[in-house]
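Text of my_file39.txt (compact mmCIF, C-alpha atoms) as supplied:
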# COMPACT_ATOMS: atom_id res chain seq x y z
CA MET A 1 146.58 69.58 139.73
CA ALA A 2 144.66 69.52 142.97
CA GLY A 3 143.46 73.05 142.30
CA ILE A 4 142.25 72.11 138.81
CA ASP A 5 140.44 69.04 140.09
CA ASP A 6 138.79 71.11 142.79
CA LEU A 7 137.68 73.67 140.19
CA LYS A 8 136.26 70.95 137.96
CA SER A 9 134.30 69.46 140.81
CA ARG A 10 132.85 72.84 141.75
CA LEU A 11 131.83 73.54 138.16
CA GLY A 12 130.32 70.10 137.79
CA ILE A 13 132.52 69.23 134.82
CA ASP A 14 133.28 65.77 136.12
CA ASP A 15 129.58 64.93 136.14
CA GLY A 16 129.54 64.83 132.36
CA LEU A 17 126.04 64.48 130.91
CA ALA A 18 124.59 63.94 134.35
CA GLY A 19 124.82 67.64 135.14
CA LEU A 20 123.55 68.77 131.78
CA GLY A 21 119.93 68.83 132.84
CA HIS A 22 120.57 71.69 135.22
CA ASN A 23 122.00 73.91 132.47
CA VAL A 24 119.48 73.45 129.65
CA PHE A 25 115.95 74.76 129.40
CA THR A 26 113.32 73.99 126.81
CA ALA A 27 111.01 76.41 125.04
CA PRO A 28 108.76 76.43 121.96
CA VAL A 29 110.43 77.06 118.62
CA GLU A 30 108.14 80.07 118.22
CA GLU A 31 109.88 81.79 121.14
CA LEU A 32 113.25 81.30 119.45
CA VAL A 33 111.90 82.72 116.20
CA LYS A 34 110.53 85.82 117.94
CA TRP A 35 113.81 86.30 119.79
CA ALA A 36 115.77 86.16 116.54
CA ARG A 37 113.24 88.22 114.58
CA ARG A 38 113.42 91.24 116.86
CA ARG A 39 117.18 91.49 116.36
CA SER A 40 117.12 91.14 112.59
CA LEU A 41 114.74 93.83 111.36
CA MET A 42 115.46 95.29 107.94
CA PRO A 43 114.05 98.82 107.56
CA ALA A 44 113.01 100.11 104.16
CA THR A 45 114.91 103.07 102.72
CA PHE A 46 111.98 105.42 102.93
CA GLY A 47 112.16 109.09 103.96
CA LEU A 48 109.57 111.82 103.44
CA ALA A 49 110.70 114.98 105.26
CA CYS A 50 113.05 116.36 107.91
CA CYS A 51 112.49 113.35 110.20
CA ALA A 52 114.41 111.29 107.66
CA ILE A 53 117.56 113.28 108.49
CA GLU A 54 117.25 112.22 112.13
CA MET A 55 116.66 108.65 110.99
CA MET A 56 119.89 108.78 108.99
CA ALA A 57 121.71 110.17 112.03
CA THR A 58 120.54 107.18 114.05
CA GLY A 59 122.46 104.92 111.70
CA THR A 60 125.76 106.72 112.21
CA ALA A 61 128.56 105.48 114.45
CA HIS A 62 127.63 107.80 117.33
CA TYR A 63 124.26 106.10 117.90
CA ASP A 64 125.16 102.80 116.23
CA LEU A 65 121.85 101.37 115.12
CA ALA A 66 123.79 98.30 113.96
CA ARG A 67 124.11 97.01 117.54
CA PHE A 68 120.40 96.25 117.41
CA GLY A 69 120.69 94.23 114.20
CA MET A 70 119.34 96.99 111.95
CA GLU A 71 122.41 98.19 110.12
CA THR A 72 121.01 97.27 106.70
CA PHE A 73 118.43 99.60 105.17
CA ARG A 74 116.99 97.74 102.22
CA ALA A 75 116.49 99.51 98.91
CA SER A 76 113.69 97.14 97.90
CA PRO A 77 110.47 96.85 99.94
CA ARG A 78 110.38 93.15 99.11
CA GLN A 79 113.49 92.71 101.27
CA ALA A 80 112.29 94.92 104.16
CA ASP A 81 110.01 94.18 107.10
CA LEU A 82 110.00 97.55 108.89
CA MET A 83 108.65 100.81 107.48
CA ILE A 84 109.72 103.97 109.32
CA VAL A 85 107.40 106.73 108.11
CA ALA A 86 109.74 109.68 108.66
CA GLY A 87 107.77 112.83 107.89
CA ARG A 88 104.40 114.11 106.75
CA VAL A 89 102.48 112.11 104.18
CA SER A 90 100.85 114.07 101.38
CA GLN A 91 97.62 112.89 99.80
CA LYS A 92 99.45 112.14 96.56
CA MET A 93 102.04 110.10 98.45
CA ALA A 94 99.45 108.00 100.32
CA PRO A 95 98.82 105.47 97.49
CA VAL A 96 102.57 105.12 96.95
CA LEU A 97 103.15 104.52 100.65
CA ARG A 98 100.45 101.88 100.64
CA GLN A 99 102.02 100.22 97.62
CA ILE A 100 105.38 100.01 99.37
CA TYR A 101 103.72 98.55 102.45
CA ASP A 102 101.88 95.89 100.46
CA GLN A 103 105.13 94.84 98.77
CA MET A 104 106.97 94.32 102.07
CA MET A 105 107.43 90.78 103.31
CA GLU A 106 105.42 89.36 106.19
CA PRO A 107 105.53 89.75 109.10
CA LYS A 108 106.04 93.50 108.79
CA TRP A 109 105.80 96.47 111.08
CA VAL A 110 105.29 100.22 110.79
CA LEU A 111 106.84 102.92 112.97
CA SER A 112 105.38 106.41 112.70
CA MET A 113 108.22 108.88 113.30
CA GLY A 114 107.31 112.42 114.28
CA VAL A 115 104.10 114.30 114.94
CA CYS A 116 103.55 115.09 111.24
CA ALA A 117 103.37 111.40 110.32
CA SER A 118 101.31 110.56 113.41
CA SER A 119 98.67 113.30 113.24
CA GLY A 120 99.53 115.77 110.48
CA GLY A 121 101.29 118.10 112.92
CA MET A 122 101.43 121.71 111.82
CA PHE A 123 100.16 120.73 108.36
CA ASN A 124 96.46 120.75 109.20
CA ASN A 125 95.23 121.21 105.64
CA TYR A 126 93.71 119.34 102.72
CA ALA A 127 97.05 118.31 101.22
CA ILE A 128 98.40 116.25 104.14
CA VAL A 129 97.11 112.97 105.55
CA GLN A 130 96.10 113.60 109.16
CA GLY A 131 97.75 110.47 110.50
CA VAL A 132 99.49 107.73 108.56
CA ASP A 133 97.37 105.15 110.39
CA GLN A 134 94.65 106.06 107.90
CA VAL A 135 96.74 104.39 105.19
CA VAL A 136 98.76 101.63 106.92
CA PRO A 137 98.50 99.99 110.36
CA VAL A 138 100.94 101.63 112.79
CA ASP A 139 102.61 99.55 115.50
CA MET A 140 104.72 102.19 117.26
CA TYR A 141 104.79 106.00 117.49
CA ALA A 142 107.87 108.17 118.06
CA PRO A 143 106.75 111.66 119.21
CA GLY A 144 108.65 114.85 118.41
CA CYS A 145 109.12 117.48 115.73
CA PRO A 146 111.43 116.05 114.69
CA PRO A 147 112.21 113.28 117.20
CA GLY A 148 115.91 112.94 117.89
CA PRO A 149 117.90 109.74 117.41
CA GLU A 150 117.46 108.92 121.11
CA THR A 151 113.67 109.03 120.77
CA LEU A 152 113.76 106.90 117.64
CA LEU A 153 116.00 104.36 119.36
CA HIS A 154 113.59 104.22 122.30
CA ALA A 155 110.68 103.55 119.94
CA ILE A 156 112.66 100.88 118.10
CA LEU A 157 113.55 99.10 121.34
CA ALA A 158 109.91 99.23 122.44
CA LEU A 159 108.95 97.71 119.09
CA HIS A 160 111.58 95.00 119.59
CA GLU A 161 109.99 94.11 122.92
CA LYS A 162 106.53 93.87 121.35
CA ILE A 163 107.92 91.58 118.68
CA ARG A 164 109.61 89.40 121.32
CA THR A 165 106.42 88.98 123.32
CA GLY A 166 104.39 88.22 120.20
CA GLU A 167 101.82 90.88 121.07
CA LEU A 168 101.73 92.34 117.57
CA THR A 169 101.46 89.06 115.68
CA GLN A 170 98.68 87.86 117.99
CA ARG A 171 96.74 91.09 117.54
CA ARG A 172 97.04 90.90 113.76
CA ALA A 173 95.96 87.27 113.69
CA GLU A 174 92.81 88.20 115.57
CA ARG A 175 91.87 90.92 113.09
CA GLY A 176 92.83 89.04 109.95
CA GLY A 177 96.39 89.98 108.99
CA GLY A 178 98.95 92.74 109.10
CA ALA A 179 97.21 94.90 106.51
CA ALA A 180 93.76 94.72 108.06
CA VAL A 181 92.96 98.41 107.74
CA ASP A 182 89.61 99.39 106.31
CA LEU A 183 90.68 102.02 103.79
CA ALA A 184 87.10 102.63 102.70
CA ALA A 185 86.28 103.79 106.23
CA HIS A 186 88.97 106.43 105.89
CA GLY A 187 87.70 107.75 102.58
CA VAL A 188 90.15 105.89 100.33
CA PRO A 189 88.28 104.44 97.33
CA GLN A 190 88.50 100.74 96.57
CA SER A 191 90.01 101.46 93.17
CA SER A 192 93.07 102.98 94.81
CA THR A 193 93.82 99.80 96.72
CA ALA A 194 93.94 97.57 93.66
CA ALA A 195 97.23 96.38 92.24
CA HIS A 196 99.27 96.78 95.43
CA GLY A 197 97.47 99.92 96.52
CA VAL A 198 98.00 102.08 93.42
CA PRO A 199 95.11 102.73 91.02
CA GLN A 200 95.53 101.82 87.38
CA SER A 201 94.82 105.39 86.35
CA SER A 202 97.61 106.70 88.57
CA THR A 203 99.62 107.93 85.59
CA ALA A 204 97.21 110.81 84.93
CA ALA A 205 97.41 114.23 86.53
CA HIS A 206 100.84 113.95 88.20
CA GLY A 207 100.34 110.25 89.00
CA VAL A 208 97.21 110.62 91.14
CA PRO A 209 93.71 110.02 89.76
CA GLN A 210 91.07 112.65 90.32
CA SER A 211 88.86 110.15 92.14
CA SER A 212 91.48 109.55 94.84
CA THR A 213 92.29 113.24 95.28
CA THR A 214 88.62 114.03 95.71
CA ALA A 215 88.32 111.30 98.34
CA HIS A 216 91.29 112.78 100.17
CA GLY A 217 89.67 116.21 100.28
CA VAL A 218 91.33 117.82 97.26
CA PRO A 219 88.79 119.42 94.89
CA ARG A 220 88.89 118.33 91.27
CA SER A 221 89.21 121.91 90.12
CA GLY A 222 92.35 122.27 92.21
CA THR A 223 94.02 119.24 90.67
CA ALA A 224 93.06 120.37 87.17
CA ALA A 225 94.54 123.80 87.83
CA ARG A 226 97.82 122.21 88.80
Transcribe the structure of this file into structure tokens.
Amino acid sequence: MAGIDDLKSRLGIDDGLAGLGHNVFTAPVEELVKWARRRSLMPATFGLACCAIEMMATGTAHYDLARFGMETFRASPRQADLMIVAGRVSQKMAPVLRQIYDQMMEPKWVLSMGVCASSGGMFNNYAIVQGVDQVVPVDMYAPGCPPGPETLLHAILALHEKIRTGELTQRRAERGGGAAVDLAAHGVPQSSTAAHGVPQSSTAAHGVPQSSTTAHGVPRSGTAAR
């Protein structure tokens, strides 16, 4: 019993509430929210090219993406808050990608995976968007062709740290929101941003209007020929 009493006295258990002040710290509720938010991201099920295979590998047991609170890839963008753009983005896919982004819940983040999504990569032609940041705001880049699961995990952890510090939310508040990208400055017509980013005439000519393909550098004659 003497040993137990000595242990209690060393741990300060006998002090009761008197010693509680040394073991509790206070912080704003916002800090707690950011701490919880970074460990509860829900990526959208969204793959475009070979980088998506590496993204799938990151979710397997060997790399265990679930230990970072991201084991659930949501099938609906309305239940997701992280878009991983895994692969090159074609001009016809750009309005669809923007629609998915607009439907995601706030706050939301975008991770550009691979050089093709970040800058067009080897696809330096009229059919591929030369950087997905022309369509949606990008918060983190994962370099590589394709980047391996280790690189993607490193980018995800870096994104987690930015979410924890509140750097991203502060930056977006200063510029007017998470979707504050001037699409007109990048050649995307205003009509293509209506109705969640997809033009009303998107059902014609393989789902892409001729006005948007012309703005993206595709000649009208080329779309008509296809």
Counting only C-alpha atoms, give me one row per residue of segment 16-92 of chain A with an atom at most 6 Å from an atom of segment 114-132 of chain A, showing the shortest contact pair and its distance in Å to one decimal, sorted by chain then residue number, as a tab-separated table.
residue	atom	partner	partner_atom	distance
A:Gly87	CA	A:Ala117	CA	5.2
A:Arg88	CA	A:Ala117	CA	4.6
A:Val89	CA	A:Val129	CA	5.6
A:Ser90	CA	A:Ile128	CA	4.3
A:Gln91	CA	A:Ile128	CA	5.5
Selection file, C-alpha atoms, as a PDB file, keeping the file's coordinate frame:
ATOM      1  CA  GLY A  87     107.770 112.830 107.890  1.00  0.00           C
ATOM      2  CA  ARG A  88     104.400 114.110 106.750  1.00  0.00           C
ATOM      3  CA  VAL A  89     102.480 112.110 104.180  1.00  0.00           C
ATOM      4  CA  SER A  90     100.850 114.070 101.380  1.00  0.00           C
ATOM      5  CA  GLN A  91      97.620 112.890  99.800  1.00  0.00           C
TER       6      GLN A  91
END
Would you compute, for all listed atoms of segment 153-164 of chain A, the axis-aligned bounding box grown by 4 Å on each side, and then report its centre and edge lengths in Å rounded to one decimal, as JSON?
{"center_x": 111.3, "center_y": 96.9, "center_z": 120.5, "size_x": 17.5, "size_y": 23.0, "size_z": 12.8}
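Interatomic distance, atom CA of Gly59 of chain A to atom CA of Ala80 of chain A: 16.1 Å.
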Give the answer as one residue: which of A:Ala86, A:Leu41, A:Cys145, A:Ala155 has the shortest atom-to-atom distance to Met55 of chain A, using all atoms listed in the file? A:Ala86
The residue from A:Arg98, A:His160, A:Arg67, A:Lys34 with the smallest atom-to-atom distance to Pro137 of chain A, counting all atoms listed in the file, is A:Arg98
Please list as a ChimeraX atom specification every residue within 6 Å of Thr45 of chain A, counting only C-alpha atoms and excluding residues in the same chain fewer than 6 positions away. /A:73-75
Write the residues of the preceding selection, restricted to C-alpha atoms, as an mmCIF file, keeping the file's coordinate frame.
data_model
loop_
_atom_site.group_PDB
_atom_site.id
_atom_site.type_symbol
_atom_site.label_atom_id
_atom_site.label_comp_id
_atom_site.auth_asym_id
_atom_site.auth_seq_id
_atom_site.Cartn_x
_atom_site.Cartn_y
_atom_site.Cartn_z
ATOM 1 C CA PHE A 73 118.430 99.600 105.170
ATOM 2 C CA ARG A 74 116.990 97.740 102.220
ATOM 3 C CA ALA A 75 116.490 99.510 98.910
#
At what distance in Å, to one decimal, does atom CA of Ala52 of chain A lie from atom CA of Glu161 of chain A?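 Here the two named atoms are 23.4 Å from each other.
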Nearest residue to Ser76 of chain A from the set A:Gln103, A:Thr58, A:Thr151, A:Ser40 (distances using all atoms listed in the file):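 Of all the options, A:Gln103 lies closest to Ser76 of chain A.
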A straight line from atom CA of Val136 of chain A to atom CA of Met83 of chain A spans 9.9 Å
From the options A:Trp109, A:Leu65, A:Gly144, A:Glu71, which residue's atoms come nearest to Cys50 of chain A, counting all atoms listed in the file?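 Between A:Trp109, A:Leu65, A:Gly144, A:Glu71, the residue approaching Cys50 of chain A most closely is A:Gly144.
Counting all atoms listed in the file, the residue from A:Pro95, A:Arg38, A:Ala61, A:Asp133 that sits nearest to Leu159 of chain A is A:Arg38.
Using only C-alpha atoms, the shortest contact distance between Leu152 of chain A and any of A:Glu54, A:Asp64, A:Glu167, A:Asp81 is found at A:Glu54.
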